[in-house]
Every structure is written in structure tokens, then in C-alpha cells.
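Asks: First, the structure itself, so that you have it in front of you.
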Amino acid sequence: MHVPPHHVKVKVSYAALNSSCDFVIRSIPKTFSTLKVPEWEFSGRIVEVGADVREEFRVGASVFGFLYQTKSALFTFKEMQGALAEYVVANVDFVALKPSNATEAQAAYLPIAFVGMKTLDVGRVGPGDSILVVGGSGAIGTALVQMAKHVVGKQGRVVATCSKSKMDFVEGLGADEVIDYKQDVGAYLLWQPQI
Ligand SMILES: NC(=O)c1ccc[n+]([C@@H]2O[C@H](COP(=O)([O-])OP(=O)(O)OC[C@H]3O[C@@H](n4cnc5c(N)ncnc54)[C@H](OP(=O)(O)O)[C@@H]3O)[C@@H](O)[C@H]2O)c1
């Protein structure tokens with residue numbers, strides 16, 4: 001595998017599986033004549049570094065990251081050389097050192113969790129706010145519920161939707177209130193204008 005200047009080669013320990021992964025894996029042999037590898041988020045150890053890479057990214061460093069795709073590559077599946085592989089070559093702008101308090105398995109999920117963090121940022125959510133997380137039991141929702149509760153604090157309120165069977169789980173993540181999405185969520189919100 002060629003390692004361009006601003007990239008690192010990583011021996012993958014874990015790849016994060018998205019909910020559509022099963023469908024993508026089953027579709028690949030029927031859709032493409034060349035090898036395609038799904039999934040984008042990974043953790044692992046650096047085995048080779050490009051010529052233009054910051055010193056912190058040394059061979060042997062434990063890292064996590066995201067295999068960045070241009071929009072056109074993503075939608076045409078042209079460069080679908082994803083994270084469910086033994087090795088990946090990743091742009092270091094999308095790689096970070098694994099935090100010492102996270103396992104490699106947890107770190108592979110962090111790029112997905114960051115989507116939740118970005119949501120709080122874009123929504124300018126702050127202490128005391130009340131927010132609704134639609135899909136609180138999903139990949140992004142589970143991270144978002146936890147981060148949202150941390151940000152809004154005790155005075156704020158996190159309300160999340162999910163299926164009935166996962167309501168206890170989502171409450172355990174810190175949601176102040178959990179709603180079964182099969183109930184009339186719209187009617188509920190009409191009575192809760194502050195969310
Ligand atoms: N994963 C990513 O990397 C990523 C990145 C960017 C954007 N997104 C987008 O973010 C959204 C969530 O993605 P995700 O990966 O977190 O998905 P996911 O893991 O499949 O979670 C889906 C969530 O939606 C809930 N849900 C399922 N059917 C529903 C229904 N009929 N009505 C209301 N809620 C329902 C699920 O609840 P139950 O499981 O309890 O049934 C679950 O909480 C999607 O729009 C996705 O395209 C995802």
C-alpha cells in the first residue's frame with residue numbers, strides 16, 4: 001500500500017459498524033466487479049508514516065480515525081476502500097492519538113460520537129437548555145444523549161425518542177425523559193414548547 005506524504009498506514013484493531021453495513025456488505029458482490037470494502041471509522045496502530053506527518057504520529061502509536069471520502073467518491077463508491085480491512089491508509093487530518101482512558105474498541109466509535117458533538121455545537125446548546133434527541137438509542141443518539149446531558153447540566157432537560165424495548169437503556173444514558181417513537185411525539189411536543 002502506497003503511503004502519501006500526509007497519510008499514515010494503520011494496522012486496524014477495530015472498525016465501527018454502521019447500521020447499514022450489513023446491507024452494504026450483501027450488496028457489494030452484486031453491484032461491483034472490483035473489490036470494495038465498507039465502513040470508515042477505525043482504531044489501530046501506526047505501522048508506516050508519510051513524509052509530511054507531525055511527529056506525534058509515530059510508528060507504534062495507538063490511533064483512531066475516519067477514512068475521509070470526497071462527496072463524489074462517496075456517492076459513486078469509486079474509492080470504497082474502507083475500514084473493515086487489515087490495514088488502512090488515512091489522511092492524518094482525520095486521525096488522532098487514542099485517549100489513554102479509552103479502549104481501542106471504544107476509540108473506533110469516537111468519530112461517530114463526534115457527529116453528536118457537532119450537532120450540539122451547531123445547535124448552540126448550552127447549560128439549562130432543553131433538547132430533543134430523535135433516535136436516542138442509535139449510533140449517534142447514544143453519544144448525543146450522554147454529551148447533551150453533560151452540556152445542559154442539571155437545570156437542562158434531555159428528552160429522547162427510541163423503541164419501547166430500549167427505553168430503559170436510553171434512560172440509563174442520562175436522558176431525563178424517554179418517549180416511545182410509536183407514540184404521538186408531535187402531540188407530546190405541543191405540550192412541551194420549551195424543547
Ligand atoms: N452513523 C453515522 O456515521 C452517521 C453519520 C452522519 C449522519 N448520520 C445520520 O444520522 C442519523 C442516525 O444515524 P445512526 O447511525 O445513529 O442510525 P441507527 O444507529 O440506525 O439509529 C437509528 C435510530 O432511529 C430510531 N428509529 C428507527 N426506526 C424509527 C422510526 N420508525 N421512528 C423513529 N425513530 C426510529 C432507532 O430506534 P430503535 O433502535 O430503538 O428502534 C434508533 O434510535 C441517520 O439519519 C444517519 O443517516 C449517521
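Following the order of the C-alpha cells, first chain is A, next is B, and so on, with residues numbered from 1 inside each chain and ligands from 1 in the order they appear.
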Please identify every polymer residue within 7 Å of ligand 1, using only C-alpha atoms and all ligand atoms, and present the set as a ChimeraX atom specification.
Replies: /A:18-19,112,115,134-141,161-166,181-182
Asks: Pick out the residues sitting within 7 Å of A:Leu97, and hand them over as a VMD selection string; count only C-alpha atoms, and ignore anything fewer than 4 positions along from it in its own chain.
Replies: chain A and resid 62 to 64
Asks: Using only C-alpha atoms, which residues of stretch 63-148 of chain A come within 6 Å of stretch 4-16 of chain A, and what is the closest atom pair for each, with the distance in Å to one decimal? Give it as CSV, sorted by chain and residue number.
Replies:
```
residue,atom,partner,partner_atom,distance
A:Ala83,CA,A:Ala15,CA,5.7
A:Leu84,CA,A:Ala15,CA,5.9
A:Glu86,CA,A:Val12,CA,5.5
A:Tyr87,CA,A:Lys11,CA,4.6
A:Val88,CA,A:Val10,CA,5.4
A:Val89,CA,A:Lys9,CA,4.4
A:Ala90,CA,A:His7,CA,5.3
A:Asn91,CA,A:His7,CA,4.3
A:Val92,CA,A:His7,CA,5.2
A:Ala105,CA,A:Tyr14,CA,5.8
A:Ala108,CA,A:Ala16,CA,5.6
A:Tyr109,CA,A:Ala16,CA,5.6
```
Asks: Could those residues be written to a file, using C-alpha atoms, as a PDB file, in the first residue's frame?
Replies:
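Contents of again.pdb, as written:
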```pdb
ATOM      1  CA  ALA A  83     -12.023   0.268   7.472  1.00  0.00           C
ATOM      2  CA  LEU A  84     -13.094  -3.398   7.537  1.00  0.00           C
ATOM      3  CA  GLU A  86      -6.320  -5.456   7.916  1.00  0.00           C
ATOM      4  CA  TYR A  87      -4.618  -2.165   7.022  1.00  0.00           C
ATOM      5  CA  VAL A  88      -5.867   1.318   6.070  1.00  0.00           C
ATOM      6  CA  VAL A  89      -4.046   4.377   4.739  1.00  0.00           C
ATOM      7  CA  ALA A  90      -5.572   7.514   6.279  1.00  0.00           C
ATOM      8  CA  ASN A  91      -5.110  11.260   5.883  1.00  0.00           C
ATOM      9  CA  VAL A  92      -3.673  12.466   9.223  1.00  0.00           C
ATOM     10  CA  ALA A 105     -12.794  -0.735  20.773  1.00  0.00           C
ATOM     11  CA  ALA A 108     -13.153   3.194  16.893  1.00  0.00           C
ATOM     12  CA  TYR A 109     -16.599   4.612  17.727  1.00  0.00           C
TER      13      TYR A 109
END
```
Asks: From a backbone DSSP assignment, name each residue in chain A labelled strand (DSSP E), as a VMD selection string.
Replies: chain A and resid 7 to 15 41 to 49 62 to 66 87 to 91 95 to 97 130 to 133 157 to 162 177 to 180
Asks: Please provide the set of residues having any atom within 10 Å of A:Arg157, restricted to only C-alpha atoms, with same-chain residues fewer than 4 positions apart removed, written as a PDB file with N, CA and C atoms, in the first residue's frame.
Replies:
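Full text of out.pdb as output:
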```pdb
ATOM      1  N   PRO A 127     -25.779  25.248  28.816  1.00  0.00           N
ATOM      2  CA  PRO A 127     -26.324  24.917  30.136  1.00  0.00           C
ATOM      3  C   PRO A 127     -27.762  25.415  30.291  1.00  0.00           C
ATOM      4  N   GLY A 128     -28.614  24.564  30.831  1.00  0.00           N
ATOM      5  CA  GLY A 128     -30.005  24.950  31.097  1.00  0.00           C
ATOM      6  C   GLY A 128     -30.946  24.722  29.929  1.00  0.00           C
ATOM      7  N   ASP A 129     -30.414  24.412  28.749  1.00  0.00           N
ATOM      8  CA  ASP A 129     -31.284  24.191  27.581  1.00  0.00           C
ATOM      9  C   ASP A 129     -32.045  22.871  27.707  1.00  0.00           C
ATOM     10  N   SER A 130     -33.160  22.805  26.963  1.00  0.00           N
ATOM     11  CA  SER A 130     -33.902  21.543  26.854  1.00  0.00           C
ATOM     12  C   SER A 130     -33.817  21.090  25.409  1.00  0.00           C
ATOM     13  N   ILE A 131     -33.447  19.831  25.173  1.00  0.00           N
ATOM     14  CA  ILE A 131     -33.331  19.384  23.781  1.00  0.00           C
ATOM     15  C   ILE A 131     -33.997  18.021  23.580  1.00  0.00           C
ATOM     16  N   LEU A 132     -34.378  17.804  22.332  1.00  0.00           N
ATOM     17  CA  LEU A 132     -34.986  16.525  21.940  1.00  0.00           C
ATOM     18  C   LEU A 132     -33.993  15.773  21.055  1.00  0.00           C
ATOM     19  N   ALA A 148     -25.218  15.559  25.501  1.00  0.00           N
ATOM     20  CA  ALA A 148     -26.204  16.620  25.709  1.00  0.00           C
ATOM     21  C   ALA A 148     -26.458  16.814  27.205  1.00  0.00           C
ATOM     22  N   LYS A 149     -26.586  15.701  27.928  1.00  0.00           N
ATOM     23  CA  LYS A 149     -26.855  15.834  29.380  1.00  0.00           C
ATOM     24  C   LYS A 149     -25.676  16.523  30.069  1.00  0.00           C
ATOM     25  N   VAL A 152     -26.088  20.360  29.006  1.00  0.00           N
ATOM     26  CA  VAL A 152     -27.225  21.135  29.558  1.00  0.00           C
ATOM     27  C   VAL A 152     -27.232  21.137  31.089  1.00  0.00           C
ATOM     28  N   GLY A 153     -26.600  20.128  31.663  1.00  0.00           N
ATOM     29  CA  GLY A 153     -26.474  20.091  33.129  1.00  0.00           C
ATOM     30  C   GLY A 153     -27.778  19.767  33.834  1.00  0.00           C
ATOM     31  N   GLY A 174     -28.680   8.746  30.535  1.00  0.00           N
ATOM     32  CA  GLY A 174     -28.781  10.075  31.148  1.00  0.00           C
ATOM     33  C   GLY A 174     -29.954  10.898  30.668  1.00  0.00           C
ATOM     34  N   ALA A 175     -30.816  10.343  29.797  1.00  0.00           N
ATOM     35  CA  ALA A 175     -31.973  11.120  29.337  1.00  0.00           C
ATOM     36  C   ALA A 175     -32.922  11.368  30.513  1.00  0.00           C
ATOM     37  N   ASP A 176     -33.448  12.593  30.594  1.00  0.00           N
ATOM     38  CA  ASP A 176     -34.386  12.912  31.667  1.00  0.00           C
ATOM     39  C   ASP A 176     -35.751  12.322  31.381  1.00  0.00           C
ATOM     40  N   GLU A 177     -36.054  12.189  30.090  1.00  0.00           N
ATOM     41  CA  GLU A 177     -37.340  11.613  29.695  1.00  0.00           C
ATOM     42  C   GLU A 177     -37.167  10.855  28.394  1.00  0.00           C
ATOM     43  N   GLN A 194     -40.902  24.286  25.311  1.00  0.00           N
ATOM     44  CA  GLN A 194     -39.532  24.718  25.578  1.00  0.00           C
ATOM     45  C   GLN A 194     -38.486  23.790  24.974  1.00  0.00           C
ATOM     46  N   ILE A 195     -38.899  22.608  24.446  1.00  0.00           N
ATOM     47  CA  ILE A 195     -37.919  21.647  23.899  1.00  0.00           C
ATOM     48  C   ILE A 195     -37.620  21.970  22.443  1.00  0.00           C
TER      49      ILE A 195
END
```
Asks: I need the residues in stretch 2-191 of chain A that are helix (DSSP H, G or I) according to DSSP; give them as a PyMOL selection string.
Replies: chain A and resi 21-31+71-76+92-94+104-122+139-152+164-172+185-190
Asks: Okay, now the selection with C-alpha atoms, as an mmCIF file, in the first residue's frame?
Replies:
```cif
data_model
loop_
_atom_site.group_PDB
_atom_site.id
_atom_site.type_symbol
_atom_site.label_atom_id
_atom_site.label_comp_id
_atom_site.auth_asym_id
_atom_site.auth_seq_id
_atom_site.Cartn_x
_atom_site.Cartn_y
_atom_site.Cartn_z
ATOM 1 C CA CYS A 21 -23.209 -2.136 6.958
ATOM 2 C CA ASP A 22 -24.973 -5.478 6.639
ATOM 3 C CA PHE A 23 -26.921 -4.213 3.618
ATOM 4 C CA VAL A 24 -23.756 -2.756 2.032
ATOM 5 C CA ILE A 25 -21.791 -5.987 2.514
ATOM 6 C CA ARG A 26 -24.548 -8.055 0.941
ATOM 7 C CA SER A 27 -24.891 -5.587 -1.959
ATOM 8 C CA ILE A 28 -21.200 -5.295 -2.868
ATOM 9 C CA PRO A 29 -20.772 -8.596 -4.760
ATOM 10 C CA LYS A 30 -23.957 -7.957 -6.748
ATOM 11 C CA THR A 31 -23.126 -4.334 -7.553
ATOM 12 C CA LYS A 71 -18.539 13.627 -1.769
ATOM 13 C CA SER A 72 -18.170 12.382 -5.330
ATOM 14 C CA ALA A 73 -16.177 9.332 -4.210
ATOM 15 C CA LEU A 74 -18.721 8.619 -1.505
ATOM 16 C CA PHE A 75 -21.711 8.711 -3.807
ATOM 17 C CA THR A 76 -20.089 6.881 -6.720
ATOM 18 C CA VAL A 92 -3.673 12.466 9.223
ATOM 19 C CA ASP A 93 -6.101 15.396 9.297
ATOM 20 C CA PHE A 94 -8.712 12.754 10.195
ATOM 21 C CA GLU A 104 -9.236 0.568 21.216
ATOM 22 C CA ALA A 105 -12.794 -0.735 20.773
ATOM 23 C CA GLN A 106 -14.251 2.458 22.256
ATOM 24 C CA ALA A 107 -11.929 4.656 20.196
ATOM 25 C CA ALA A 108 -13.153 3.194 16.893
ATOM 26 C CA TYR A 109 -16.599 4.612 17.727
ATOM 27 C CA LEU A 110 -15.382 8.115 18.624
ATOM 28 C CA PRO A 111 -15.628 9.600 15.094
ATOM 29 C CA ILE A 112 -19.332 8.677 15.066
ATOM 30 C CA ALA A 113 -19.758 10.162 18.531
ATOM 31 C CA PHE A 114 -18.246 13.402 17.227
ATOM 32 C CA VAL A 115 -21.229 13.786 14.873
ATOM 33 C CA GLY A 116 -23.287 14.159 18.059
ATOM 34 C CA MET A 117 -20.816 16.693 19.423
ATOM 35 C CA LYS A 118 -21.038 18.711 16.211
ATOM 36 C CA THR A 119 -24.834 18.672 16.491
ATOM 37 C CA LEU A 120 -24.635 20.304 19.926
ATOM 38 C CA ASP A 121 -22.186 22.826 18.554
ATOM 39 C CA VAL A 122 -24.282 23.763 15.506
ATOM 40 C CA ALA A 139 -25.216 5.062 16.935
ATOM 41 C CA ILE A 140 -25.271 8.849 17.048
ATOM 42 C CA GLY A 141 -28.140 9.152 19.517
ATOM 43 C CA THR A 142 -26.425 7.158 22.284
ATOM 44 C CA ALA A 143 -23.442 9.517 22.178
ATOM 45 C CA LEU A 144 -25.632 12.590 21.766
ATOM 46 C CA VAL A 145 -27.835 11.831 24.784
ATOM 47 C CA GLN A 146 -24.761 11.481 27.020
ATOM 48 C CA MET A 147 -22.995 14.566 25.686
ATOM 49 C CA ALA A 148 -26.204 16.620 25.709
ATOM 50 C CA LYS A 149 -26.855 15.834 29.380
ATOM 51 C CA HIS A 150 -23.284 16.800 30.178
ATOM 52 C CA VAL A 151 -23.715 20.140 28.347
ATOM 53 C CA VAL A 152 -27.225 21.135 29.558
ATOM 54 C CA LYS A 164 -40.149 0.761 23.594
ATOM 55 C CA SER A 165 -37.662 -2.055 24.268
ATOM 56 C CA LYS A 166 -34.720 0.374 24.504
ATOM 57 C CA MET A 167 -36.295 2.995 26.773
ATOM 58 C CA ASP A 168 -34.509 1.752 29.914
ATOM 59 C CA PHE A 169 -31.211 1.709 28.070
ATOM 60 C CA VAL A 170 -31.618 5.328 26.895
ATOM 61 C CA GLU A 171 -32.691 6.446 30.349
ATOM 62 C CA GLY A 172 -29.507 4.818 31.650
ATOM 63 C CA VAL A 185 -44.329 12.518 19.583
ATOM 64 C CA GLY A 186 -45.758 15.589 17.800
ATOM 65 C CA ALA A 187 -48.647 15.894 20.252
ATOM 66 C CA TYR A 188 -46.239 15.466 23.167
ATOM 67 C CA LEU A 189 -44.054 18.303 21.869
ATOM 68 C CA LEU A 190 -47.045 20.631 21.528
#
```
Asks: Could you please determine the separation between atom CA of A:Val95 and atom CA of A:Glu48 in Å, to one decimal place?
Replies: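 So the two atoms, atom CA of A:Val95 and atom CA of A:Glu48, lie 13.6 Å apart.
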Asks: Mind giving me the straight-line distance from atom CA of A:Tyr68 to atom CA of A:Glu39 in Å, one decimal?
Replies: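 Value for the atom CA of A:Tyr68-atom CA of A:Glu39 distance: 10.8 Å.
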